[in-house]
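File shown: protein.cif. Contents: mmCIF, C-alpha atoms.
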data_work
#
loop_
_atom_site.label_atom_id
_atom_site.label_comp_id
_atom_site.auth_asym_id
_atom_site.auth_seq_id
_atom_site.Cartn_x
_atom_site.Cartn_y
_atom_site.Cartn_z
CA MET A 185 0.00 0.00 0.00
CA ARG A 186 2.87 2.41 0.78
CA PHE A 187 4.33 1.68 -2.64
CA ILE A 188 1.02 2.46 -4.36
CA LEU A 189 0.45 5.67 -2.38
CA ARG A 190 4.02 6.80 -3.03
CA ARG A 191 3.64 6.30 -6.77
CA ILE A 192 0.27 8.04 -6.90
CA GLY A 193 1.70 10.96 -4.94
CA PHE A 194 4.60 11.22 -7.38
CA PHE A 195 2.09 11.16 -10.25
CA LEU A 196 0.03 14.01 -8.80
CA ILE A 197 3.05 16.20 -7.99
CA THR A 198 4.56 15.70 -11.45
CA LEU A 199 1.23 16.43 -13.10
CA TRP A 200 0.83 19.66 -11.11
CA VAL A 201 4.35 20.81 -12.05
CA ALA A 202 3.72 20.03 -15.73
CA LEU A 203 0.42 21.92 -15.71
CA THR A 204 2.08 24.90 -14.02
CA VAL A 205 4.85 25.01 -16.62
CA ASN A 206 2.20 24.69 -19.32
CA PHE A 207 0.47 27.76 -17.88
CA PHE A 208 3.47 30.05 -17.58
CA VAL A 209 5.48 29.25 -20.74
CA PRO A 210 2.94 30.63 -23.29
CA ARG A 211 2.40 33.70 -21.12
CA LEU A 212 6.13 34.41 -21.06
CA MET A 213 6.25 34.33 -24.85
CA PRO A 214 5.66 37.56 -26.78
CA GLY A 215 2.13 38.10 -28.03
CA ASN A 216 -0.90 35.86 -27.58
CA PRO A 217 -3.33 33.93 -29.80
CA ALA A 218 -5.67 36.92 -30.12
CA GLU A 219 -2.86 39.12 -31.44
CA ALA A 220 -1.81 36.36 -33.82
CA MET A 221 -5.38 36.16 -35.10
CA MET A 222 -5.45 39.96 -35.48
CA ALA A 223 -2.22 39.81 -37.47
CA ARG A 224 -3.95 37.49 -39.93
CA PHE A 225 -6.43 40.26 -40.65
CA ARG A 226 -3.61 42.84 -40.90
CA GLY A 227 -4.86 44.95 -38.03
CA ARG A 228 -8.42 45.32 -39.26
CA ILE A 229 -9.80 44.28 -35.86
CA ASN A 230 -10.86 46.97 -33.41
CA PRO A 231 -9.97 46.82 -29.68
CA GLU A 232 -13.42 45.48 -28.73
CA ALA A 233 -13.06 42.58 -31.14
CA LEU A 234 -9.54 41.93 -29.85
CA LYS A 235 -10.90 41.75 -26.31
CA ALA A 236 -13.58 39.29 -27.43
CA LEU A 237 -10.91 37.13 -29.09
CA GLU A 238 -8.83 37.11 -25.90
CA VAL A 239 -11.83 35.90 -23.93
CA ALA A 240 -12.55 33.23 -26.57
CA PHE A 241 -8.96 31.99 -26.35
CA GLY A 242 -9.13 31.91 -22.55
CA ILE A 243 -6.76 34.85 -22.03
CA ASP A 244 -7.93 37.82 -19.96
CA THR A 245 -4.95 40.13 -19.53
CA GLN A 246 -6.89 42.37 -17.14
CA GLN A 247 -7.19 39.63 -14.52
CA PRO A 248 -4.37 39.07 -12.00
CA LEU A 249 -2.08 36.16 -12.80
CA PRO A 250 -3.15 34.05 -9.76
CA VAL A 251 -6.79 34.36 -10.85
CA GLN A 252 -5.86 33.30 -14.39
CA TYR A 253 -3.92 30.34 -12.94
CA VAL A 254 -6.89 29.12 -10.87
CA GLU A 255 -9.22 29.46 -13.85
CA TYR A 256 -6.71 27.65 -16.04
CA LEU A 257 -6.55 24.69 -13.62
CA GLY A 258 -10.33 24.56 -13.46
CA ASN A 259 -10.67 24.67 -17.24
CA THR A 260 -8.00 21.98 -17.64
CA LEU A 261 -9.69 19.63 -15.18
CA THR A 262 -13.00 20.06 -17.00
CA GLY A 263 -11.49 19.79 -20.49
CA ARG A 264 -12.18 23.36 -21.57
CA PHE A 265 -9.06 24.43 -23.48
CA GLY A 266 -10.54 27.33 -25.38
CA THR A 267 -10.82 27.93 -29.12
CA SER A 268 -8.31 26.75 -31.69
CA LEU A 269 -6.60 29.44 -33.73
CA THR A 270 -5.75 27.06 -36.56
CA PHE A 271 -9.29 25.70 -36.83
CA PHE A 272 -11.09 28.84 -35.63
CA PRO A 273 -13.83 28.96 -34.34
CA GLN A 274 -13.80 25.23 -33.51
CA PRO A 275 -13.17 24.36 -29.82
CA VAL A 276 -9.87 22.65 -29.05
CA GLY A 277 -11.64 19.62 -27.58
CA GLU A 278 -13.45 18.93 -30.84
CA VAL A 279 -10.23 19.31 -32.83
CA LEU A 280 -8.44 16.77 -30.61
CA ALA A 281 -11.37 14.36 -30.79
CA GLN A 282 -11.12 14.35 -34.58
CA ALA A 283 -7.36 13.66 -34.74
CA LEU A 284 -6.80 11.36 -31.76
CA PRO A 285 -8.46 8.20 -33.22
CA TRP A 286 -6.20 8.38 -36.30
CA THR A 287 -3.04 8.49 -34.20
CA LEU A 288 -4.20 5.80 -31.77
CA GLY A 289 -5.10 3.53 -34.67
CA LEU A 290 -1.84 4.06 -36.54
CA VAL A 291 0.90 4.72 -34.00
CA GLY A 292 -0.69 2.87 -31.09
CA VAL A 293 -1.30 -0.40 -32.89
CA THR A 294 2.08 -0.25 -34.65
CA THR A 295 3.89 0.40 -31.36
CA VAL A 296 2.28 -2.62 -29.72
CA ILE A 297 3.08 -4.82 -32.72
CA ALA A 298 6.70 -3.62 -32.76
CA PHE A 299 7.07 -4.31 -29.04
CA VAL A 300 5.56 -7.81 -29.21
CA LEU A 301 7.53 -8.85 -32.30
CA GLY A 302 10.76 -7.20 -31.14
CA THR A 303 10.56 -8.74 -27.68
CA GLY A 304 9.85 -12.21 -29.07
CA ILE A 305 12.62 -12.08 -31.68
CA GLY A 306 15.07 -10.59 -29.18
CA MET A 307 14.27 -13.30 -26.65
CA ILE A 308 14.96 -16.06 -29.17
CA GLY A 309 18.11 -14.34 -30.41
CA GLY A 310 19.48 -13.90 -26.89
CA TRP A 311 18.62 -17.47 -25.90
CA ARG A 312 20.39 -18.85 -28.98
CA ARG A 313 23.38 -16.59 -28.60
CA GLY A 314 25.90 -17.07 -31.38
CA GLY A 315 23.38 -18.67 -33.73
CA VAL A 316 22.39 -17.51 -37.20
CA LEU A 317 19.56 -15.32 -35.92
CA ASP A 318 21.76 -13.69 -33.30
CA SER A 319 24.52 -13.07 -35.82
CA VAL A 320 22.31 -11.41 -38.43
CA LEU A 321 19.84 -9.35 -36.41
CA PRO A 322 22.08 -7.00 -34.34
CA PRO A 323 23.97 -5.36 -37.24
CA VAL A 324 20.84 -5.10 -39.39
CA PHE A 325 18.66 -3.49 -36.74
CA VAL A 326 21.40 -1.19 -35.50
CA ILE A 327 21.25 0.36 -38.97
CA THR A 328 17.44 0.43 -39.28
CA ALA A 329 16.99 1.97 -35.83
CA ALA A 330 19.18 4.91 -36.86
CA LEU A 331 17.35 5.68 -40.10
CA PRO A 332 15.28 8.90 -40.24
CA TYR A 333 11.52 8.40 -40.32
CA PHE A 334 10.99 10.70 -43.28
CA TRP A 335 13.72 8.99 -45.34
CA VAL A 336 12.19 5.53 -44.82
CA GLY A 337 8.74 6.95 -45.58
CA LEU A 338 9.90 8.56 -48.82
CA LEU A 339 11.66 5.34 -49.83
CA LEU A 340 8.49 3.31 -49.26
CA ILE A 341 6.47 5.86 -51.24
CA MET A 342 8.91 5.58 -54.13
CA VAL A 343 8.82 1.77 -54.12
CA PHE A 344 5.20 0.90 -53.28
CA SER A 345 3.32 3.96 -54.52
CA VAL A 346 5.16 5.85 -57.25
CA GLY A 347 7.02 2.80 -58.55
CA THR A 348 3.84 0.71 -58.74
CA ASN A 349 1.55 3.36 -60.27
CA GLY A 350 -0.36 3.97 -57.05
CA LEU A 351 -0.63 0.43 -55.69
CA LEU A 352 -0.67 1.86 -52.17
CA PRO A 353 -1.82 5.41 -51.35
CA ASN A 354 0.69 7.83 -49.85
CA ASP A 355 -1.44 10.82 -48.87
CA GLY A 356 -4.14 11.35 -46.23
CA GLY A 357 -6.05 8.94 -44.05
CA TYR A 358 -8.70 7.88 -46.60
CA ASP A 359 -9.95 8.62 -50.08
CA PRO A 360 -11.83 11.96 -49.93
CA ILE A 361 -14.51 10.69 -52.33
CA LEU A 362 -15.65 8.19 -49.66
CA THR A 363 -18.10 9.02 -46.90
CA PRO A 364 -16.64 8.19 -43.46
CA GLY A 365 -18.60 5.49 -41.66
CA TRP A 366 -18.48 1.98 -40.26
CA ASN A 367 -18.74 0.22 -43.59
CA SER A 368 -16.36 -2.27 -45.18
CA GLU A 369 -15.36 -0.02 -48.07
CA PHE A 370 -14.30 2.86 -45.83
CA ILE A 371 -12.54 0.61 -43.27
CA LEU A 372 -10.55 -1.16 -45.98
CA ASP A 373 -9.56 2.17 -47.51
CA VAL A 374 -8.39 3.48 -44.12
CA GLY A 375 -6.30 0.34 -43.62
CA LYS A 376 -4.83 0.72 -47.09
CA HIS A 377 -3.82 4.33 -46.39
CA ALA A 378 -2.26 3.29 -43.05
CA LEU A 379 -0.04 0.53 -44.47
CA LEU A 380 2.93 2.65 -45.55
CA PRO A 381 3.00 4.89 -42.43
CA ALA A 382 2.68 1.82 -40.18
CA LEU A 383 5.44 0.00 -42.05
CA THR A 384 7.68 3.06 -41.67
CA ILE A 385 7.20 3.13 -37.89
CA LEU A 386 7.61 -0.64 -37.62
CA ILE A 387 10.89 -0.77 -39.57
CA ILE A 388 12.52 1.88 -37.38
CA SER A 389 11.09 1.03 -33.95
CA ILE A 390 11.30 -2.77 -33.91
CA GLY A 391 15.12 -2.78 -33.92
CA GLY A 392 15.35 -1.10 -30.52
CA TRP A 393 13.11 -3.69 -28.87
CA ILE A 394 15.01 -6.59 -30.48
CA LEU A 395 18.44 -5.36 -29.43
CA THR A 396 17.36 -4.40 -25.90
CA MET A 397 15.60 -7.70 -25.24
CA ARG A 398 18.47 -9.69 -26.74
CA ASN A 399 21.01 -7.97 -24.49
CA ASN A 400 18.77 -8.38 -21.42
CA VAL A 401 18.37 -12.10 -22.08
CA VAL A 402 22.13 -12.57 -22.54
CA THR A 403 22.76 -10.80 -19.22
CA THR A 404 20.04 -12.80 -17.45
CA LEU A 405 21.41 -16.13 -18.67
CA ALA A 406 24.59 -15.48 -16.67
CA GLU A 407 22.65 -15.31 -13.38
CA ASP A 408 23.00 -18.06 -10.77
CA TYR A 409 19.29 -18.95 -10.71
CA ILE A 410 19.48 -19.86 -14.42
CA ARG A 411 22.36 -22.24 -13.70
CA MET A 412 20.39 -23.69 -10.78
CA ALA A 413 17.33 -24.22 -12.97
CA ARG A 414 19.44 -26.06 -15.54
CA ALA A 415 21.06 -28.17 -12.83
CA LYS A 416 17.60 -29.21 -11.62
CA GLY A 417 16.80 -30.51 -15.10
CA ILE A 418 14.03 -28.00 -15.85
CA PRO A 419 13.16 -28.02 -19.59
CA ASN A 420 14.89 -25.34 -21.65
CA ARG A 421 11.60 -23.93 -22.95
CA ARG A 422 10.36 -23.33 -19.39
CA ILE A 423 13.68 -21.77 -18.38
CA MET A 424 13.59 -19.45 -21.38
CA ILE A 425 10.02 -18.22 -20.78
CA ASN A 426 9.48 -18.43 -17.01
CA TYR A 427 12.98 -17.55 -15.82
CA ALA A 428 15.02 -15.74 -18.46
CA ALA A 429 12.35 -13.86 -20.42
CA ARG A 430 10.25 -12.89 -17.37
CA ASN A 431 13.20 -11.14 -15.74
CA ALA A 432 14.77 -9.82 -18.95
CA ILE A 433 11.56 -8.06 -19.99
CA LEU A 434 11.34 -5.95 -16.83
CA PRO A 435 13.67 -3.15 -18.06
CA ASN A 436 11.67 -3.05 -21.31
CA LEU A 437 8.39 -2.33 -19.53
CA SER A 438 9.36 1.23 -18.64
CA GLY A 439 10.46 1.92 -22.21
CA PHE A 440 7.25 0.39 -23.54
CA ALA A 441 5.20 2.52 -21.14
CA MET A 442 6.96 5.66 -22.35
CA SER A 443 6.35 4.61 -25.94
CA LEU A 444 2.64 4.11 -25.28
CA GLY A 445 2.49 7.48 -23.58
CA PHE A 446 4.07 9.24 -26.51
CA VAL A 447 1.69 7.47 -28.90
CA VAL A 448 -0.70 10.35 -28.21
CA SER A 449 1.82 12.83 -29.61
CA GLY A 450 2.01 10.75 -32.76
CA SER A 451 5.01 10.26 -35.01
CA ILE A 452 5.24 13.82 -36.28
CA LEU A 453 7.62 13.17 -39.14
CA VAL A 454 5.67 10.12 -40.32
CA GLU A 455 2.33 11.91 -40.24
CA PHE A 456 3.83 14.92 -41.97
CA THR A 457 5.48 12.78 -44.67
CA PHE A 458 2.23 10.97 -45.46
CA ASN A 459 -0.04 13.96 -44.72
CA TYR A 460 -1.78 11.72 -42.19
CA PRO A 461 -4.54 13.47 -40.18
CA GLY A 462 -3.23 12.55 -36.72
CA VAL A 463 -2.19 14.39 -33.57
CA GLY A 464 1.44 14.70 -34.68
CA TYR A 465 0.46 16.53 -37.85
CA MET A 466 -1.88 18.70 -35.78
CA LEU A 467 0.90 19.54 -33.31
CA LEU A 468 3.13 20.70 -36.15
CA SER A 469 0.29 22.83 -37.54
CA ALA A 470 -0.33 24.34 -34.09
CA VAL A 471 3.33 25.35 -33.76
CA ASN A 472 3.47 26.84 -37.24
CA ASN A 473 0.28 28.86 -36.63
CA GLN A 474 1.14 29.89 -33.04
CA ASP A 475 -2.01 28.13 -31.88
CA TYR A 476 -1.32 28.37 -28.12
CA PRO A 477 -4.62 26.86 -26.89
CA LEU A 478 -4.14 23.80 -29.10
CA MET A 479 -0.47 23.48 -28.12
CA GLN A 480 -1.38 23.70 -24.42
CA ALA A 481 -4.08 21.04 -24.79
CA LEU A 482 -1.71 18.73 -26.68
CA PHE A 483 0.97 19.20 -24.02
CA VAL A 484 -1.49 18.36 -21.24
CA MET A 485 -2.73 15.29 -23.11
CA ILE A 486 0.80 14.04 -23.80
CA THR A 487 1.87 14.65 -20.20
CA VAL A 488 -1.11 12.83 -18.71
CA THR A 489 -0.77 9.82 -21.00
CA VAL A 490 2.97 9.48 -20.34
CA LEU A 491 2.48 9.73 -16.56
CA VAL A 492 -0.38 7.22 -16.59
CA ALA A 493 1.67 4.83 -18.73
CA VAL A 494 4.66 5.11 -16.39
CA LEU A 495 2.40 4.59 -13.36
CA ILE A 496 0.94 1.41 -14.88
CA SER A 497 4.47 0.28 -15.74
CA ASP A 498 5.56 0.73 -12.12
CA PHE A 499 2.65 -1.37 -10.89
CA LEU A 500 3.35 -4.11 -13.46
CA THR A 501 7.04 -4.14 -12.56
CA ALA A 502 6.23 -4.43 -8.86
CA TRP A 503 3.81 -7.25 -9.60
CA LEU A 504 6.31 -9.19 -11.71
CA ASP A 505 9.30 -8.45 -9.46
CA PRO A 506 8.53 -8.07 -5.72
CA ARG A 507 12.04 -6.67 -5.17
CA ALA A 508 10.91 -3.43 -6.84
CA ARG A 509 8.38 -2.85 -4.04
CA THR A 510 10.98 -3.13 -1.32
CA ALA A 511 13.52 -1.07 -3.27
CA SER A 512 10.99 1.76 -3.61
#

Represent the structure from my file as structure tokens, please.
Amino acid sequence: MRFILRRIGFFLITLWVALTVNFFVPRLMPGNPAEAMMARFRGRINPEALKALEVAFGIDTQQPLPVQYVEYLGNTLTGRFGTSLTFFPQPVGEVLAQALPWTLGLVGVTTVIAFVLGTGIGMIGGWRRGGVLDSVLPPVFVITAALPYFWVGLLLIMVFSVGTNGLLPNDGGYDPILTPGWNSEFILDVGKHALLPALTILIISIGGWILTMRNNVVTTLAEDYIRMARAKGIPNRRIMINYAARNAILPNLSGFAMSLGFVVSGSILVEFTFNYPGVGYMLLSAVNNQDYPLMQALFVMITVTVLVAVLISDFLTAWLDPRARTAS
């Protein structure tokens, strides 16, 4: 119970610090969203309209800073992030709701697949150290893990889209002539548009999981309890899964939790390369357009998801390895 309370307390304190930083950083920057909107109209907005824009964006410069801070915390807890400058006059919450499913479907599913495949391949490679699989995989995936996302994406576009006369689409999340809905034609088209971006993420991210798991298994095999298990005559398959893999995967859980947390932010370069309508592409648009309300909402969402993922990782680690509870 002390372990759980300590972790929850750490979560709450970190969240409060992140929200506080998120409040002050935009206000320390020159200008505000209302002034940026006014600049779009080249100063043709009168002071009354500017004041109305500031209220719409959740910025009231006439209020004291502590009052603004309290209102900001209240709005954040209730999900009221103001109006998006990029998609004006659409509320930020509606903008996020439109982009989040695309990123969760693409980056989230691909991250889980990369982790499962990478962990399994790395476990086998580490167990059969010195074999063909272990000799080929490390140098190959050291190279793939260092490749830029946009370069791999452009290469796949050249091979599977341009080089095949449009066999696979390379732009957007679905064909604009289709009507979005839960029908087979639309779902298949969405999957077809997601193939190249997903393959790009998979090629680059799977190498890290393979190499990390392989090295963890090699280190674990040198432990005394592995030698004891072999001396007792326990089958190799059981030793590999129940002894070696169970302990070797523990360091990977934290990295996997961080990866799941950052799924919400999307793979910015991948979504930009394929013009994919996800959160990463939206974040880039928000930065380019100085859309402070949207940037603040994205920062809060990313922070919360990362902290929740790390918290779940801590609980899973403590459940799999009781020593973590006593060490904490």

task: Give as a PyMOL selection string each residue that has an atom at most 8 Å from (16.0, 1.4, -38.6) in the file, counting all atoms listed in the file.
output: chain A and resi 325-332+387-391

query: Which distance in Å separates CA of Arg430 (chain A) and CA of Thr303 (chain A), to one decimal?
result: 11.1 Å

field: Option closest in space to Leu467 (chain A), from A:Gly392, A:Leu203, A:Leu383, A:Ala283 [counting all atoms listed in the file]
entry: A:Ala283

message: Could you check the closest approach to Gly302 (chain A) for each of A:Phe440, A:Ala378, A:Arg191, A:Leu338 and tell me which residue wins, using only C-alpha atoms?
response: A:Phe440

query: Excluding same-chain residues fewer than 4 positions from Pro381 (chain A), what lies within 8 Å of it counting all atoms listed in the file, as a VMD selection string?
result: chain A and resid 290 337 377 385 454 to 455 458

Keeping C-alpha atoms, export the residues of the selection given above as an mmCIF file, keeping the file's coordinate frame.
data_model
loop_
_atom_site.group_PDB
_atom_site.id
_atom_site.type_symbol
_atom_site.label_atom_id
_atom_site.label_comp_id
_atom_site.auth_asym_id
_atom_site.auth_seq_id
_atom_site.Cartn_x
_atom_site.Cartn_y
_atom_site.Cartn_z
ATOM 1 C CA LEU A 290 -1.840 4.060 -36.540
ATOM 2 C CA GLY A 337 8.740 6.950 -45.580
ATOM 3 C CA HIS A 377 -3.820 4.330 -46.390
ATOM 4 C CA ILE A 385 7.200 3.130 -37.890
ATOM 5 C CA VAL A 454 5.670 10.120 -40.320
ATOM 6 C CA GLU A 455 2.330 11.910 -40.240
ATOM 7 C CA PHE A 458 2.230 10.970 -45.460
#

query: Which neighbours of region 412-426 of chain A fall inside 10 Å, counting all atoms listed in the file, when residues of the same chain fewer than 3 positions from it are skipped, and could you give them as JSON, numbers by chain?
result: {"A": [307, 308, 310, 311, 401, 405, 407, 408, 409, 429, 430, 431, 432]}

Now that the selection is made, can you save its residues with C-alpha atoms as a PDB file, in the coordinates of the input?
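Contents of the output file again-v6.pdb:
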ATOM      1  CA  MET A 307      14.270 -13.300 -26.650  1.00  0.00           C
ATOM      2  CA  ILE A 308      14.960 -16.060 -29.170  1.00  0.00           C
ATOM      3  CA  GLY A 310      19.480 -13.900 -26.890  1.00  0.00           C
ATOM      4  CA  TRP A 311      18.620 -17.470 -25.900  1.00  0.00           C
ATOM      5  CA  VAL A 401      18.370 -12.100 -22.080  1.00  0.00           C
ATOM      6  CA  LEU A 405      21.410 -16.130 -18.670  1.00  0.00           C
ATOM      7  CA  GLU A 407      22.650 -15.310 -13.380  1.00  0.00           C
ATOM      8  CA  ASP A 408      23.000 -18.060 -10.770  1.00  0.00           C
ATOM      9  CA  TYR A 409      19.290 -18.950 -10.710  1.00  0.00           C
ATOM     10  CA  ALA A 429      12.350 -13.860 -20.420  1.00  0.00           C
ATOM     11  CA  ARG A 430      10.250 -12.890 -17.370  1.00  0.00           C
ATOM     12  CA  ASN A 431      13.200 -11.140 -15.740  1.00  0.00           C
ATOM     13  CA  ALA A 432      14.770  -9.820 -18.950  1.00  0.00           C
TER      14      ALA A 432
END

message: For the provided coordinates, the residues matched by the PyMOL selection byres ((chain A and resi 441) around 6) should be stated as a count of residues only.
response: 9

- request: Quote the spacing between CA of Gly462 (chain A) and CA of Trp286 (chain A) in Å to one decimal place.
  value: 5.1 Å

- request: Provide the CA of Gly357 (chain A) to CA of Val291 (chain A) distance in Å, to one decimal place.
  value: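 So the answer is 12.9 Å.
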